[in-house]
file query04.cif (mmCIF, C-alpha atoms)
data_query
loop_
_atom_site.label_atom_id
_atom_site.label_comp_id
_atom_site.auth_asym_id
_atom_site.auth_seq_id
_atom_site.Cartn_x
_atom_site.Cartn_y
_atom_site.Cartn_z
CA MET A 589 25.24 0.13 6.28
CA GLU A 590 26.45 3.66 5.59
CA LYS A 591 23.90 6.47 5.58
CA ILE A 592 22.08 6.54 2.24
CA ARG A 593 22.86 9.60 0.14
CA PHE A 594 21.47 10.61 -3.23
CA GLN A 595 23.26 12.79 -5.73
CA PRO A 596 22.21 16.45 -5.48
CA GLU A 597 19.20 17.59 -7.47
CA PRO A 598 20.48 19.70 -10.39
CA LEU A 599 19.17 23.26 -10.11
CA ASN A 600 17.52 23.11 -13.52
CA GLY A 601 17.16 19.34 -13.53
CA PHE A 602 14.12 17.11 -13.78
CA TYR A 603 12.76 17.20 -10.24
CA ASN A 604 13.26 20.90 -9.53
CA THR A 605 11.70 21.76 -12.88
CA LEU A 606 8.82 19.38 -12.15
CA LYS A 607 8.19 20.90 -8.73
CA GLN A 608 8.11 24.39 -10.19
CA ARG A 609 5.55 23.32 -12.80
CA VAL A 610 3.33 21.48 -10.34
CA GLN A 611 3.39 24.38 -7.90
CA ALA A 612 2.58 26.77 -10.73
CA TYR A 613 -0.37 24.60 -11.77
CA PHE A 614 -1.86 24.69 -8.27
CA ARG A 615 -1.14 28.39 -7.86
CA GLU A 616 -2.60 29.43 -11.23
CA ASN A 617 -5.71 27.31 -10.77
CA LYS A 618 -6.09 28.31 -7.11
CA ILE A 619 -6.29 24.68 -5.99
CA SER A 620 -5.52 23.38 -2.52
CA ARG A 621 -3.20 20.36 -2.36
CA TYR A 622 -5.54 18.72 0.16
CA SER A 623 -8.74 16.76 -0.39
CA ASN A 624 -11.89 18.29 -1.84
CA ALA A 625 -15.61 17.64 -1.51
CA GLY A 626 -15.42 14.74 -3.97
CA VAL A 627 -12.83 12.90 -1.88
CA ILE A 628 -14.81 13.45 1.32
CA LEU A 629 -18.00 12.17 -0.32
CA LYS A 630 -16.18 9.11 -1.68
CA SER A 631 -14.78 8.31 1.77
CA LEU A 632 -18.24 8.66 3.29
CA LEU A 633 -19.71 6.48 0.52
CA PHE A 634 -17.30 3.58 1.00
CA THR A 635 -17.46 3.85 4.80
CA GLY A 636 -21.25 3.93 4.62
CA LEU A 637 -21.30 0.84 2.41
CA PHE A 638 -18.99 -0.92 4.87
CA VAL A 639 -21.17 -0.07 7.89
CA SER A 640 -24.43 -0.85 6.02
CA THR A 641 -23.15 -4.24 4.89
CA TYR A 642 -22.07 -5.09 8.43
CA ILE A 643 -25.52 -4.19 9.78
CA LEU A 644 -27.12 -6.23 6.99
CA ILE A 645 -25.04 -9.26 7.96
CA ILE A 646 -25.93 -9.18 11.65
CA ARG A 647 -29.60 -8.18 11.26
CA MET A 648 -30.98 -9.96 8.18
CA PRO A 649 -31.35 -13.74 8.00
CA MET A 650 -30.05 -15.12 4.72
CA PRO A 651 -28.89 -18.40 3.17
CA LEU A 652 -25.27 -19.37 3.65
CA TRP A 653 -24.22 -18.44 0.10
CA ALA A 654 -25.67 -14.93 0.47
CA PHE A 655 -24.17 -14.66 3.96
CA LEU A 656 -20.67 -15.43 2.68
CA PHE A 657 -21.18 -13.22 -0.36
CA SER A 658 -22.09 -10.31 1.95
CA TRP A 659 -18.95 -10.87 4.03
CA PHE A 660 -16.86 -10.82 0.85
CA PHE A 661 -18.25 -7.43 -0.14
CA LEU A 662 -17.82 -6.21 3.41
CA GLY A 663 -14.10 -6.77 2.84
CA VAL A 664 -14.20 -4.98 -0.52
CA PHE A 665 -15.85 -1.91 1.02
CA LEU A 666 -13.44 -2.06 3.97
CA ILE A 667 -10.33 -1.78 1.80
CA LEU A 668 -11.87 0.82 -0.53
CA ALA A 669 -12.78 2.98 2.46
CA ALA A 670 -9.31 2.57 3.98
CA MET A 671 -7.56 3.44 0.72
CA SER A 672 -9.72 6.55 0.31
CA MET A 673 -8.46 8.14 3.51
CA VAL A 674 -5.74 6.30 5.44
CA HIS A 675 -3.03 6.62 2.78
CA ASP A 676 -3.52 10.37 2.35
CA ALA A 677 -3.85 10.83 6.12
CA ALA A 678 -0.50 9.07 6.68
CA HIS A 679 1.15 11.71 4.49
CA GLY A 680 -0.75 14.63 6.04
CA ALA A 681 -2.43 15.15 2.66
CA PHE A 682 -6.11 14.64 3.44
CA SER A 683 -6.59 17.80 5.48
CA PRO A 684 -4.54 20.86 6.48
CA ARG A 685 -5.62 20.09 10.06
CA ALA A 686 -3.21 17.63 11.69
CA TRP A 687 -5.85 16.28 14.07
CA VAL A 688 -8.09 15.33 11.14
CA ASN A 689 -5.28 13.37 9.52
CA GLN A 690 -4.51 11.63 12.81
CA LEU A 691 -8.18 10.74 13.30
CA LEU A 692 -8.53 9.33 9.78
CA LEU A 693 -5.26 7.44 10.17
CA ARG A 694 -6.83 5.60 13.09
CA PHE A 695 -9.55 4.26 10.79
CA ALA A 696 -6.97 1.57 10.08
CA ASN A 697 -7.23 0.48 13.73
CA LEU A 698 -11.01 0.12 13.41
CA VAL A 699 -10.63 -2.31 10.51
CA GLY A 700 -7.88 -4.54 11.89
CA GLY A 701 -4.70 -2.62 11.09
CA ASP A 702 -2.59 -0.10 12.99
CA GLY A 703 -2.46 3.46 11.71
CA TYR A 704 0.63 4.41 13.69
CA MET A 705 2.73 1.52 12.38
CA TYR A 706 1.45 1.95 8.84
CA LYS A 707 2.57 5.58 8.81
CA TYR A 708 5.83 4.80 10.61
CA LYS A 709 7.13 2.15 8.25
CA HIS A 710 5.60 3.74 5.15
CA THR A 711 7.08 7.22 5.58
CA ILE A 712 10.39 6.26 7.23
CA SER A 713 11.36 3.28 5.10
CA HIS A 714 9.40 2.83 1.89
CA HIS A 715 9.00 6.36 0.58
CA PRO A 716 12.47 7.78 1.15
CA TYR A 717 14.29 4.59 0.06
CA THR A 718 12.03 3.01 -2.55
CA ASN A 719 13.32 -0.37 -3.80
CA ILE A 720 16.67 0.04 -2.03
CA HIS A 721 17.87 -3.29 -0.67
CA GLY A 722 18.02 -3.37 3.12
CA MET A 723 16.15 -0.08 3.49
CA ASP A 724 12.73 -0.47 1.87
CA ILE A 725 10.82 -2.69 4.29
CA ASP A 726 8.12 -3.42 1.71
CA LEU A 727 10.57 -5.61 -0.22
CA GLU A 728 10.85 -8.05 2.68
CA GLN A 729 7.27 -8.44 3.91
CA SER A 730 7.31 -12.23 3.95
CA GLY A 731 9.83 -15.01 3.45
CA MET A 732 7.22 -16.80 1.36
CA VAL A 733 7.87 -14.62 -1.67
CA ARG A 734 11.05 -13.31 -3.29
CA VAL A 735 10.35 -10.02 -5.09
CA THR A 736 13.88 -8.66 -5.44
CA PRO A 737 17.02 -10.20 -6.96
CA PHE A 738 18.96 -9.24 -3.82
CA THR A 739 16.80 -11.39 -1.54
CA LYS A 740 18.30 -14.80 -0.83
CA SER A 741 16.81 -17.46 -3.08
CA ARG A 742 15.35 -20.47 -1.28
CA LYS A 743 14.06 -23.80 -2.46
CA LYS A 744 10.48 -22.89 -1.52
CA HIS A 745 10.55 -19.97 -3.97
CA ARG A 746 10.73 -22.39 -6.88
CA TYR A 747 6.96 -22.33 -7.35
CA GLN A 748 6.20 -18.90 -5.92
CA TYR A 749 4.66 -17.63 -9.16
CA LYS A 750 2.03 -20.35 -8.72
CA TYR A 751 1.34 -20.50 -4.99
CA MET A 752 1.34 -16.71 -4.53
CA GLN A 753 -1.72 -16.50 -6.78
CA VAL A 754 -3.47 -18.48 -4.05
CA LEU A 755 -1.86 -16.71 -1.09
CA TYR A 756 -2.14 -13.06 -2.19
CA PRO A 757 -5.91 -12.92 -1.46
CA PHE A 758 -5.01 -13.64 2.19
CA TYR A 759 -2.62 -10.66 2.32
CA ILE A 760 -4.90 -8.50 4.48
CA LEU A 761 -5.63 -11.40 6.84
CA PHE A 762 -1.86 -11.90 7.23
CA TRP A 763 -1.55 -8.16 7.91
CA VAL A 764 -4.25 -8.22 10.60
CA LEU A 765 -3.02 -11.36 12.36
CA LEU A 766 0.75 -11.11 12.05
CA ARG A 767 2.32 -8.22 10.19
CA ASP A 768 1.68 -5.38 12.62
CA PHE A 769 3.09 -7.45 15.50
CA LYS A 770 6.12 -8.38 13.39
CA TYR A 771 6.88 -4.72 12.67
CA TYR A 772 6.47 -3.69 16.29
CA ARG A 773 9.08 -6.29 17.29
CA MET A 774 11.63 -5.21 14.68
CA GLN A 775 14.61 -3.42 16.17
CA ARG A 776 15.32 -1.48 13.00
CA ILE A 777 13.04 -0.18 10.25
CA GLY A 778 14.76 1.41 7.29
CA PRO A 779 17.54 3.71 8.54
CA VAL A 780 16.34 4.13 12.14
CA ASP A 781 16.40 2.17 15.36
CA ALA A 782 12.74 1.44 16.03
CA HIS A 783 11.36 2.45 19.43
CA HIS A 784 7.62 2.69 20.07
CA ALA A 785 6.05 4.35 23.10
CA GLY A 786 3.93 2.17 25.36
CA ILE A 787 0.73 3.94 24.30
CA HIS A 788 1.16 2.60 20.76
CA TRP A 789 1.53 -0.95 22.04
CA TRP A 790 -1.62 -0.53 24.14
CA LEU A 791 -3.58 0.88 21.21
CA LEU A 792 -2.37 -1.98 19.04
CA PHE A 793 -3.70 -4.67 21.38
CA ILE A 794 -6.89 -2.80 22.31
CA SER A 795 -7.83 -2.06 18.70
CA LYS A 796 -7.08 -5.62 17.59
CA ALA A 797 -9.25 -6.96 20.42
CA PHE A 798 -12.06 -4.57 19.50
CA TYR A 799 -11.82 -5.63 15.85
CA PHE A 800 -12.12 -9.33 16.63
CA PHE A 801 -14.91 -8.56 19.10
CA TYR A 802 -17.22 -6.78 16.66
CA MET A 803 -16.28 -8.99 13.72
CA LEU A 804 -16.57 -12.38 15.43
CA VAL A 805 -18.14 -12.15 18.89
CA VAL A 806 -20.98 -9.71 18.14
CA PRO A 807 -22.29 -11.68 15.10
CA TYR A 808 -22.12 -14.89 17.16
CA TRP A 809 -24.15 -13.30 19.96
CA ILE A 810 -26.78 -11.91 17.61
CA LEU A 811 -27.09 -14.62 14.96
CA SER A 812 -28.45 -18.07 15.69
CA ILE A 813 -25.93 -19.84 13.50
CA PRO A 814 -22.85 -22.00 14.15
CA PHE A 815 -19.64 -20.10 14.83
CA TRP A 816 -17.88 -21.82 11.93
CA GLN A 817 -20.15 -19.99 9.50
CA ILE A 818 -19.20 -16.65 11.05
CA PHE A 819 -15.52 -17.55 10.97
CA LEU A 820 -15.83 -18.62 7.31
CA GLY A 821 -17.49 -15.29 6.59
CA PHE A 822 -14.62 -13.52 8.38
CA VAL A 823 -12.14 -15.30 6.09
CA CYS A 824 -14.26 -14.41 3.02
CA MET A 825 -14.21 -10.78 4.11
CA HIS A 826 -10.43 -10.73 4.18
CA MET A 827 -10.32 -12.46 0.81
CA GLY A 828 -12.46 -9.64 -0.59
CA SER A 829 -10.13 -6.98 0.79
CA GLY A 830 -7.06 -9.05 -0.14
CA ILE A 831 -8.09 -9.42 -3.78
CA VAL A 832 -8.68 -5.67 -4.08
CA ALA A 833 -5.32 -5.02 -2.40
CA MET A 834 -3.65 -7.44 -4.82
CA PHE A 835 -4.97 -5.52 -7.82
CA ALA A 836 -4.17 -2.14 -6.26
CA LEU A 837 -0.69 -2.73 -4.85
CA LEU A 838 1.26 -5.37 -6.78
CA ALA A 839 1.98 -3.39 -9.92
CA ASN A 840 3.75 -0.31 -8.54
CA HIS A 841 7.29 -1.43 -7.63
CA VAL A 842 7.69 -5.15 -8.37
CA VAL A 843 7.17 -5.85 -12.07
CA GLU A 844 9.59 -7.03 -14.73
CA ASP A 845 11.14 -3.65 -15.51
CA SER A 846 11.33 -2.54 -11.87
CA LEU A 847 14.70 -1.28 -10.73
CA PHE A 848 16.13 -2.72 -7.51
CA VAL A 849 19.05 -0.82 -6.06
CA VAL A 850 22.02 -1.61 -3.84
CA PRO A 851 23.88 1.56 -2.75
CA GLU A 852 27.60 2.04 -3.10
CA LYS A 853 29.78 1.08 -0.14
CA ASP A 854 29.71 4.68 1.05
CA GLY A 855 25.90 4.75 0.84
CA LEU A 856 25.72 6.75 -2.39
CA ILE A 857 22.87 6.24 -4.86
CA ARG A 858 24.02 7.15 -8.34
CA CYS A 859 21.16 9.52 -9.18
CA SER A 860 19.12 12.25 -7.53
CA TRP A 861 16.18 11.39 -5.27
CA GLY A 862 13.62 12.61 -7.80
CA GLU A 863 15.07 10.53 -10.61
CA HIS A 864 15.30 7.55 -8.26
CA GLN A 865 11.56 7.73 -7.58
CA LEU A 866 10.84 7.88 -11.31
CA ARG A 867 13.14 4.92 -11.96
CA THR A 868 11.73 2.67 -9.21
CA THR A 869 7.99 3.33 -9.55
CA ASP A 870 5.43 2.26 -12.16
CA ASP A 871 1.93 3.47 -12.92
CA TYR A 872 -0.90 1.31 -14.20
CA SER A 873 -3.97 2.41 -16.16
CA PRO A 874 -3.27 6.09 -15.40
CA ASP A 875 -5.91 7.24 -17.91
CA SER A 876 -8.73 5.24 -16.31
CA PRO A 877 -10.99 7.45 -14.15
CA ILE A 878 -12.75 4.36 -12.76
CA ILE A 879 -9.53 2.77 -11.46
CA SER A 880 -8.33 6.14 -10.17
CA PHE A 881 -11.62 6.53 -8.28
CA LEU A 882 -11.78 3.03 -6.83
CA PHE A 883 -8.09 2.72 -5.91
CA SER A 884 -7.82 6.34 -4.73
CA GLY A 885 -4.96 7.27 -7.02
CA LEU A 886 -2.68 4.31 -6.28
CA ASN A 887 -2.50 3.74 -10.05
CA HIS A 888 -0.83 7.18 -10.27
CA HIS A 889 2.01 5.96 -8.11
CA VAL A 890 4.78 7.96 -9.76
CA ALA A 891 2.98 11.21 -8.98
CA HIS A 892 2.37 9.99 -5.44
CA HIS A 893 6.03 9.18 -4.78
CA LEU A 894 7.21 12.47 -6.21
CA PHE A 895 4.49 14.49 -4.42
CA PRO A 896 3.39 12.42 -1.40
CA ARG A 897 1.97 15.42 0.46
CA TYR A 898 -0.64 16.06 -2.24
CA CYS A 899 -4.04 14.38 -1.99
CA HIS A 900 -4.70 11.57 -4.47
CA VAL A 901 -7.49 13.49 -6.18
CA HIS A 902 -4.83 15.68 -7.82
CA TYR A 903 -2.68 12.84 -9.17
CA PRO A 904 -4.23 12.65 -12.67
CA ALA A 905 -3.34 16.31 -13.28
CA ILE A 906 0.12 15.90 -11.72
CA THR A 907 0.75 12.76 -13.80
CA LYS A 908 0.27 14.73 -17.03
CA ILE A 909 2.94 17.18 -15.89
CA VAL A 910 5.24 14.32 -14.83
CA ARG A 911 4.92 12.58 -18.21
CA ALA A 912 5.64 15.75 -20.17
CA THR A 913 8.60 16.77 -17.99
CA ALA A 914 10.14 13.29 -17.98
CA ASN A 915 9.91 13.17 -21.77
CA GLU A 916 11.53 16.59 -22.00
CA PHE A 917 14.49 15.40 -19.91
CA GLY A 918 14.82 12.11 -21.75
CA LEU A 919 13.69 10.07 -18.74
CA ARG A 920 11.38 7.10 -18.95
CA TYR A 921 7.94 7.32 -17.36
CA ARG A 922 6.82 3.71 -16.96
CA TYR A 923 3.20 2.63 -17.09
CA ASN A 924 1.08 -0.26 -18.22
CA SER A 925 -2.52 -1.44 -18.17
CA LEU A 926 -3.61 -3.04 -14.90
CA PRO A 927 -3.98 -6.57 -16.38
CA ALA A 928 -0.60 -6.32 -18.14
CA ALA A 929 1.06 -5.01 -14.98
CA LEU A 930 -0.29 -7.90 -12.90
CA HIS A 931 0.90 -10.42 -15.49
CA SER A 932 4.29 -8.71 -15.40
CA HIS A 933 4.42 -9.10 -11.61
CA PHE A 934 3.87 -12.84 -11.80
CA ARG A 935 6.40 -13.16 -14.63
CA LEU A 936 8.89 -11.43 -12.33
CA LEU A 937 8.08 -13.95 -9.59
CA LYS A 938 8.76 -16.74 -12.07
CA LYS A 939 12.14 -15.25 -13.03
CA LEU A 940 13.03 -14.83 -9.36
CA SER A 941 11.97 -18.40 -8.58
CA LYS A 942 15.22 -19.63 -10.12
CA ARG A 943 18.14 -20.27 -7.80
CA GLU A 944 20.64 -18.31 -9.88
CA PRO A 945 20.66 -14.56 -9.11
CA LEU A 946 18.92 -12.01 -11.30
CA ILE A 947 20.64 -8.71 -10.71
CA GLN A 948 19.66 -5.22 -11.81
CA GLU A 949 21.56 -2.15 -10.73
#
call {"tool": "encode", "arguments": {"input": "query04.cif", "output": "structure tokens"}}
result
Amino acid sequence: MEKIRFQPEPLNGFYNTLKQRVQAYFRENKISRYSNAGVILKSLLFTGLFVSTYILIIRMPMPLWAFLFSWFFLGVFLILAAMSMVHDAAHGAFSPRAWVNQLLLRFANLVGGDGYMYKYKHTISHHPYTNIHGMDIDLEQSGMVRVTPFTKSRKKHRYQYKYMQVLYPFYILFWVLLRDFKYYRMQRIGPVDAHHAGIHWWLLFISKAFYFFYMLVVPYWILSIPFWQIFLGFVCMHMGSGIVAMFALLANHVVEDSLFVVPEKDGLIRCSWGEHQLRTTDDYSPDSPIISFLFSGLNHHVAHHLFPRYCHVHYPAITKIVRATANEFGLRYRYNSLPAALHSHFRLLKKLSKREPLIQE
């Protein structure tokens, strides 16, 4: 594939105008683009709830139903804590100090993921080339689901809109067990040949081993219960985090009105990068402070893609500027409620379950 090129940003066009207005907003209000005390307290809150729930599980005897219920909420607090810091840290947006961002990025390793690989694939593939076939790695996470009209249709996709409702809650478990290893073995991610230093491989295996040790072995040593109950709790935990991830992540790029792009033969995308981000990204419930708090701004995804180096706490204010500027330039800012966006995602899966192609350009 030829190198991907976007049309130049017009000097007085949408994105340059938007950047000027956002920068003016921060300058006039004397606001840092990084996190504030509220973000730090939220991260400490969710992390504290995660640690407290873990201690509760291994120290307090309880009936099986309460035991499994506690594991489920352990997973909920795990993903809320990760979303509150890892995403911003990957973009260098949590703190002006690089070492702080690197430290927080490694929180992913403590909870079963891999901070290095998350940042690598997220910032090299997904963000620069959102919804571009063959470049955005997030469009091809699993052969079990077809989320783009340019992905080859297979017989098993016929009922994907049904079976994915059952499988999505296991998304984080799939990530922990398989996805990181899959990405490390890929020879190419987005536009680059993927090479990973040995230290990253070592950290991957060591952190995975540590995760399974404190999640499975330690409870088994401490608790006088059969291992199958601990393993069932482990699965319930990942279902808790998977369900939250399903609500937080499905509605941003793969709904019915999402745009999926194939570049010209020479690699040209027929719009500027800023307009491309607006055209390929959706918000959900952007006026809900509760969803913005819990999902750490992922519902303000348009603002995030246009200004990824700004902490999520600023996205509600940036979104207002984005909406006004897009309207001024006659561009569509797409958003929906969270329930409607999720329904739209599964309707897209149903459309894409048909063998005949569904093409949008």
call {"tool": "closest_residue", "arguments": {"input": "query04.cif", "among": "A:Phe822, A:Leu919, A:Val901, A:Ser795", "to": "Ala625 of chain A", "atoms": "all atoms listed in the file"}}
result
A:Val901
call {"tool": "closest_atom_pairs", "arguments": {"input": "query04.cif", "of": "segment 769-868 of chain A", "to": "segment 733-748 of chain A", "cutoff": "12 Å", "atoms": "all atoms listed in the file", "output": "tab-separated table"}}
result
residue	atom	partner	partner_atom	distance
A:Leu838	CA	A:Val735	CA	10.3
A:Ala839	CA	A:Val735	CA	11.7
A:His841	CA	A:Val735	CA	9.5
A:Val842	CA	A:Val735	CA	6.4
A:Val843	CA	A:Val735	CA	8.7
A:Glu844	CA	A:Val735	CA	10.1
A:Asp845	CA	A:Thr736	CA	11.6
A:Ser846	CA	A:Thr736	CA	9.2
A:Leu847	CA	A:Thr736	CA	9.1
A:Phe848	CA	A:Thr736	CA	6.7
A:Val849	CA	A:Phe738	CA	8.7
A:Val850	CA	A:Phe738	CA	8.2
A:Pro851	CA	A:Phe738	CA	11.9
call {"tool": "atom_distance", "arguments": {"input": "query04.cif", "atom1": "atom CA of Gln690 of chain A", "atom2": "atom CA of Cys899 of chain A"}}
result
15.1 Å
call {"tool": "closest_residue", "arguments": {"input": "query04.cif", "among": "A:Gly786, A:Pro716, A:Pro874, A:Pro596", "to": "Ser925 of chain A", "atoms": "all atoms listed in the file"}}
result
A:Pro874
call {"tool": "atom_distance", "arguments": {"input": "query04.cif", "atom1": "atom CA of Val806 of chain A", "atom2": "atom CA of Ile818 of chain A"}}
result
10.1 Å
call {"tool": "closest_residue", "arguments": {"input": "query04.cif", "among": "A:Leu882, A:Ile720, A:Leu937, A:Ile810", "to": "Ala833 of chain A", "atoms": "all atoms listed in the file"}}
result
A:Leu882
call {"tool": "closest_atom_pairs", "arguments": {"input": "query04.cif", "of": "segment 760-879 of chain A", "to": "segment 652-663 of chain A", "cutoff": "8 Å", "atoms": "only C-alpha atoms", "output": "Markdown table"}}
result
| residue | atom | partner | partner_atom | distance |
| --- | --- | --- | --- | --- |
| A:Gln817 | CA | A:Leu652 | CA | 7.8 |
| A:Leu820 | CA | A:Leu656 | CA | 7.4 |
| A:Gly821 | CA | A:Leu656 | CA | 5.0 |
| A:Phe822 | CA | A:Trp659 | CA | 6.7 |
| A:Cys824 | CA | A:Phe660 | CA | 4.9 |
| A:Met825 | CA | A:Phe660 | CA | 4.2 |
| A:His826 | CA | A:Gly663 | CA | 5.6 |
| A:Met827 | CA | A:Phe660 | CA | 6.7 |
| A:Gly828 | CA | A:Gly663 | CA | 4.8 |
| A:Ser829 | CA | A:Gly663 | CA | 4.5 |
| A:Gly830 | CA | A:Gly663 | CA | 8.0 |
call {"tool": "closest_residue", "arguments": {"input": "query04.cif", "among": "A:Leu632, A:Glu916, A:Asn840, A:Trp816", "to": "Leu727 of chain A", "atoms": "only C-alpha atoms"}}
result
A:Asn840
call {"tool": "closest_residue", "arguments": {"input": "query04.cif", "among": "A:Ile879, A:Leu633, A:Ala929, A:Cys859", "to": "Ile592 of chain A", "atoms": "all atoms listed in the file"}}
result
A:Cys859
call {"tool": "closest_residue", "arguments": {"input": "query04.cif", "among": "A:Leu791, A:Leu886, A:Val764, A:Leu606", "to": "Ser672 of chain A", "atoms": "only C-alpha atoms"}}
result
A:Leu886
call {"tool": "resolve_selection", "arguments": {"input": "query04.cif", "expression": "the PyMOL selection byres ((chain A and resi 667) around 12)", "output": "JSON, numbers by chain"}}
result
{"A": [631, 634, 635, 637, 638, 660, 661, 662, 663, 664, 665, 666, 668, 669, 670, 671, 672, 673, 674, 675, 695, 696, 698, 699, 700, 701, 759, 760, 761, 825, 826, 827, 828, 829, 830, 831, 832, 833, 834, 835, 836, 837, 882, 883, 884]}
call {"tool": "resolve_selection", "arguments": {"input": "query04.cif", "expression": "the PyMOL selection byres ((chain A and resi 611) around 12)", "output": "ChimeraX atom specification"}}
result
/A:604-610,612-621,895,898,902,905-906,909
